[in-house]
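Notes for the one structure printed next.
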Amino acid sequence: MDKFVITGGKPLHGTVAISGAKNSALPAMAASLLTAERLALHNVAMVRDIITMGKLLAYMGASVTTSEFPAADYSFQAHTISDAVAPYELVKTMRASILTLGPALARTGVARVSLPGGCAIGARPVDLHLTALEKMGAEIATSHGYIEARAPKGGRLKGGHVVFEKITVTGTENILMAATLADGETILENSAREPEVTDLIVLLRKMGARISGDETSTLRVQGVAALHGAEHFVIPDRIEAGTFLVAGAITNGDLTLTNCEPRHLGAVISTLRDAGVSIEESAAGTLRVRGGGKLVAADVTTEEYPGFATDMQAQYMALATQAEGASTITETIFENRYLHASEMIRMGAHISIDGRHAIVRGPAQLSGTTVQASDLRASAGLVLAALVANGETTIERVYHIDRGYERIVEKLSAVGANIGRVHAPSS
Ligand code: EPZ
């Protein structure tokens, strides 16, 4: 298993181009199951989850074409769906495989997706996806570890009134996709408003879907008989951009981020400014972050968009270790998303956890040691901590970070970080 070796203490200077959003590309790829025609996607991040989704679509019978591999440009064409099954081997490595359930069921009238099971950041059930599909007339059974979904007689889902008990990002995306081909109108209330959901709506509309309510929590979908091909440029990755904003600030550097969408980073930018970080929009789609000022404690609570993203919590914790005073972090989205804290404590951070709250007292001089990555964003938090730690930090299990950060070693090295990847044979 690969490791990163990072020697901290170097300010980062230069320009970083932000990649396309993984969490936008994944549902966009799944949307290719909704039509027999070709879907061309651009600005796709070259990360492992995208490769996994490509494999899953190919398993289901879609042809996946690209000029090189991995690439930023792909085309997907599911002339027919030969096997509407998402097998355990793929689902266990990527929960987002559940995104094939809605489109496969809507297109073919049947779908089988392995139950995702637990994951490092909590139980993460899919009950809300299933209840919503039932509201649309689907019959759902689970057996042998698989969800088996069947559309009503005639093979077509019916429009329904879905009120999500809790806001769910992939749940909203799954049901939106299913509703595009349903018979009649579907109303989705308490939907997620994440930019990735809006990006999916934009794509589905290009494919011929009839959807209204973008950026609000009530979405209305008028089902159509068929969708057609489309071409789409995936939005920039707001979490990668946020991670590099913290990297610039925490190292007292001066970074310019290009190809980003500042509008999607409102809560992150305002929290970082509260913590004393200087951030300006230097041109359209460009952010400049400068460290050097004193970092001060600022509290943060993770929330659904437009609140502060849970996917930025670990990175913010790394910054808080360097801020003067006590920062309280409250995690409201996932119940077990502080696994990075114990590793940061091993590096010398002063963090205490009490249920959903973490209190981080700073500034602490971190010192390099060997730490383990536990999930994608936790790994990013550890990389950031290592960038300011004294001496050398080895981060193990970096396959987690490869799931969602495109060429992070190369991007950080190019702006002056002392970081290397050690290829180690799997044990
Ligand atoms: C999406 O996961 C993202 N993944 C996650 O990104 C992100 O952390 C999360 O949204 C929250 O923003 C993708 O977009 C592919 P949820 P998702 O359903 O959709 C509970 C990353 O690092 N819930 O919005 O799976 C759930 O347990 C990641 O890129 C139910 O109870 O998250 C959680 O507490 C990881 N029942 C809350 O809702 C359900 O059926 C929100 O989860 C579904 C969810």
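Each chain of the structure tokens is named A, B, ... in the order shown, its residues numbered from 1; ligands are numbered from 1 in display order.
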
Worksheet item: Which residues form the shell of 6 Å around ligand 1 when you count only C-alpha atoms and all ligand atoms, given as a PyMOL selection string?
Response: chain A and resi 23+96+124-129+168-171+310-311+333-334+376-377

Those same residues - N, CA and C atoms - I'd like them written as a PDB file, in the first residue's frame.
```
ATOM      1  N   ASN A  23     -17.671  14.453  -6.889  1.00  0.00           N
ATOM      2  CA  ASN A  23     -19.042  14.165  -6.470  1.00  0.00           C
ATOM      3  C   ASN A  23     -20.090  14.695  -7.442  1.00  0.00           C
ATOM      4  N   ALA A  96     -20.841   5.291  -3.558  1.00  0.00           N
ATOM      5  CA  ALA A  96     -21.570   6.045  -4.582  1.00  0.00           C
ATOM      6  C   ALA A  96     -22.097   5.133  -5.698  1.00  0.00           C
ATOM      7  N   ARG A 124     -24.081   5.076   7.626  1.00  0.00           N
ATOM      8  CA  ARG A 124     -24.470   5.528   6.292  1.00  0.00           C
ATOM      9  C   ARG A 124     -25.458   4.606   5.577  1.00  0.00           C
ATOM     10  N   PRO A 125     -26.670   4.535   6.094  1.00  0.00           N
ATOM     11  CA  PRO A 125     -27.671   3.682   5.445  1.00  0.00           C
ATOM     12  C   PRO A 125     -28.171   4.282   4.124  1.00  0.00           C
ATOM     13  N   VAL A 126     -28.970   3.493   3.391  1.00  0.00           N
ATOM     14  CA  VAL A 126     -29.562   3.999   2.136  1.00  0.00           C
ATOM     15  C   VAL A 126     -31.087   3.924   2.203  1.00  0.00           C
ATOM     16  N   ASP A 127     -31.629   3.846   3.441  1.00  0.00           N
ATOM     17  CA  ASP A 127     -33.077   3.694   3.607  1.00  0.00           C
ATOM     18  C   ASP A 127     -33.874   4.816   2.933  1.00  0.00           C
ATOM     19  N   LEU A 128     -33.320   6.033   2.921  1.00  0.00           N
ATOM     20  CA  LEU A 128     -34.075   7.149   2.341  1.00  0.00           C
ATOM     21  C   LEU A 128     -34.205   7.007   0.827  1.00  0.00           C
ATOM     22  N   HIS A 129     -33.171   6.433   0.192  1.00  0.00           N
ATOM     23  CA  HIS A 129     -33.244   6.186  -1.260  1.00  0.00           C
ATOM     24  C   HIS A 129     -34.380   5.181  -1.520  1.00  0.00           C
ATOM     25  N   THR A 168     -30.368  14.251   2.038  1.00  0.00           N
ATOM     26  CA  THR A 168     -29.372  13.305   1.554  1.00  0.00           C
ATOM     27  C   THR A 168     -28.939  13.688   0.142  1.00  0.00           C
ATOM     28  N   VAL A 169     -27.632  13.786  -0.071  1.00  0.00           N
ATOM     29  CA  VAL A 169     -27.112  14.258  -1.355  1.00  0.00           C
ATOM     30  C   VAL A 169     -27.311  13.187  -2.435  1.00  0.00           C
ATOM     31  N   THR A 170     -26.724  12.007  -2.235  1.00  0.00           N
ATOM     32  CA  THR A 170     -26.866  10.985  -3.281  1.00  0.00           C
ATOM     33  C   THR A 170     -28.316  10.475  -3.340  1.00  0.00           C
ATOM     34  N   GLY A 171     -29.041  10.555  -2.211  1.00  0.00           N
ATOM     35  CA  GLY A 171     -30.457  10.161  -2.235  1.00  0.00           C
ATOM     36  C   GLY A 171     -31.228  11.082  -3.177  1.00  0.00           C
ATOM     37  N   THR A 310     -19.255  19.071   5.612  1.00  0.00           N
ATOM     38  CA  THR A 310     -18.590  18.039   6.417  1.00  0.00           C
ATOM     39  C   THR A 310     -17.304  17.563   5.733  1.00  0.00           C
ATOM     40  N   ASP A 311     -17.271  17.640   4.404  1.00  0.00           N
ATOM     41  CA  ASP A 311     -16.079  17.196   3.671  1.00  0.00           C
ATOM     42  C   ASP A 311     -14.887  18.139   3.845  1.00  0.00           C
ATOM     43  N   ILE A 333     -23.298  16.022  10.445  1.00  0.00           N
ATOM     44  CA  ILE A 333     -23.753  15.180   9.316  1.00  0.00           C
ATOM     45  C   ILE A 333     -23.452  13.701   9.547  1.00  0.00           C
ATOM     46  N   PHE A 334     -22.234  13.394   9.949  1.00  0.00           N
ATOM     47  CA  PHE A 334     -21.863  11.987  10.168  1.00  0.00           C
ATOM     48  C   PHE A 334     -21.483  11.782  11.629  1.00  0.00           C
ATOM     49  N   LEU A 376     -11.231   9.461   2.999  1.00  0.00           N
ATOM     50  CA  LEU A 376     -10.714  10.431   2.027  1.00  0.00           C
ATOM     51  C   LEU A 376     -10.373  11.799   2.630  1.00  0.00           C
ATOM     52  N   ARG A 377     -11.342  12.409   3.313  1.00  0.00           N
ATOM     53  CA  ARG A 377     -11.089  13.776   3.798  1.00  0.00           C
ATOM     54  C   ARG A 377     -10.200  13.777   5.041  1.00  0.00           C
TER      55      ARG A 377
END
```

Which residues of stretch 46-69 of chain A come within 9 Å of stretch 82-93 of chain A, and what is each one's closest atom pair and distance in Å (one decimal), counting only C-alpha atoms, sorted by chain and residue number, as JSON lines?
```
{"residue": "A:Asp49", "atom": "CA", "partner": "A:Thr93", "partner_atom": "CA", "distance": 8.3}
{"residue": "A:Thr52", "atom": "CA", "partner": "A:Leu90", "partner_atom": "CA", "distance": 6.8}
{"residue": "A:Met53", "atom": "CA", "partner": "A:Leu90", "partner_atom": "CA", "distance": 8.3}
{"residue": "A:Lys55", "atom": "CA", "partner": "A:Leu90", "partner_atom": "CA", "distance": 8.2}
{"residue": "A:Leu56", "atom": "CA", "partner": "A:Ala86", "partner_atom": "CA", "distance": 6.7}
{"residue": "A:Leu57", "atom": "CA", "partner": "A:Ala86", "partner_atom": "CA", "distance": 8.7}
{"residue": "A:Tyr59", "atom": "CA", "partner": "A:Asp83", "partner_atom": "CA", "distance": 7.2}
{"residue": "A:Met60", "atom": "CA", "partner": "A:Asp83", "partner_atom": "CA", "distance": 4.7}
{"residue": "A:Gly61", "atom": "CA", "partner": "A:Ser82", "partner_atom": "CA", "distance": 5.0}
{"residue": "A:Ala62", "atom": "CA", "partner": "A:Ser82", "partner_atom": "CA", "distance": 8.3}
```

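Closest approach to A:Ala320 among A:Ser379, A:Asn259, A:Thr271, A:Thr35: A:Thr271, based on only C-alpha atoms.
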
Worksheet entry | A:Leu412, A:Ala182, A:Ala249, A:Leu176 ranked by distance to A:Gly213, top pick (using only C-alpha atoms) | A:Leu176

Discussion item. Set the distance at 7 Å and use only C-alpha atoms: which residues neighbour A:Leu319 once local chain neighbours fewer than 4 positions away are removed? I'd like the list as a ChimeraX atom specification.
Written reply: /A:246,250,315,323

Atoms to include: C-alpha atoms. Write the selected residues as a short mmCIF file (atom, residue, chain, number, x, y, z; two decimals), in the first residue's frame.
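Result written to out-v4.cif:
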```
data_model
loop_
_atom_site.label_atom_id
_atom_site.label_comp_id
_atom_site.auth_asym_id
_atom_site.auth_seq_id
_atom_site.Cartn_x
_atom_site.Cartn_y
_atom_site.Cartn_z
CA VAL A 246 -6.20 25.68 3.93
CA ILE A 250 -1.57 26.85 7.19
CA GLN A 315 -8.94 20.03 6.84
CA ALA A 323 -4.83 28.99 15.46
#
```

Item to complete: Mind the document's chain letters and residue numbers, and return as a ChimeraX atom specification the residues of stretch 259-359 of chain A that DSSP labels helix (DSSP H, G or I).
Response: /A:262-274,310-320,339-346
